[in-house]
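Following: one structure in structure tokens, then a few remarks.
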Amino acid sequence: MISFEHRVLNEYRIKIAKIETLANSILTHTKPKSEEVKGASEFLDVLISETDKFYENNSTILSTNGKRPHVRSRLAENEKWNENVERFYEKNPRRPRK
């Protein structure tokens with residue numbers, strides 16, 4: 001059975017992937033001033049605000065598992081979140097790839 005914590009982490013990963021995919025398609029579009037890009041840009045704003053709300057609601061789970069708000073996020077930095085993330089990486093240092 002999948003735990004609630006695991007579901008939150010997977011959902012956050014999916015939301016971040018959607019944001020990155022849409023942002024990359026906007027940046028690489030052939031006509032950067034077209035209506036299609038403007039609509040996609042508005043939708044990207046909606047996705048970012050939805051992800052911010054999700055992070056606020058589940059911040060304890062996400063920050064204690066080493067997840068920070070997305071780079072495009074409009075959330076202000078929170079010391080509690082930063083402390084939780086730093087504590088996570090002290091306990092679980094990143095291993096270099098071979």
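Chain labels run A, B, ... following the order of the structure tokens; each chain numbers its residues from 1, and ligands are numbered from 1 in the order shown.
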Backbone DSSP call of helix (DSSP H, G or I) for segment 4-97 of chain A, listed as an MDAnalysis selection string: chainID A and resid 4:27 35:57 59:64 79:91
Which residue of A:Val8, A:Ile2, A:Leu44, A:Val85 approaches Thr21 of chain A most closely, using only C-alpha atoms: A:Leu44
Nearest residue to Thr64 of chain A from the set A:Asn84, A:Ser34, A:Met1, A:Glu90 (distances using only C-alpha atoms): A:Asn84
Which of A:Lys31, A:Arg74, A:Arg87, A:Arg7 sits closest to Glu50 of chain A [using only C-alpha atoms]: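 Of A:Lys31, A:Arg74, A:Arg87, A:Arg7, the one nearest Glu50 of chain A, counting only C-alpha atoms, is A:Arg74.
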Which of these, A:Leu27, A:Glu35, A:Lys91, A:Leu62, has the shortest distance to Asn10 of chain A once you count only C-alpha atoms?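 For Asn10 of chain A, the nearest of the candidates is A:Leu62.
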Find, counting only C-alpha atoms, the residue in A:Lys80, A:His29, A:Arg94, A:His70 that gets nearest to Ile16 of chain A. A:His70
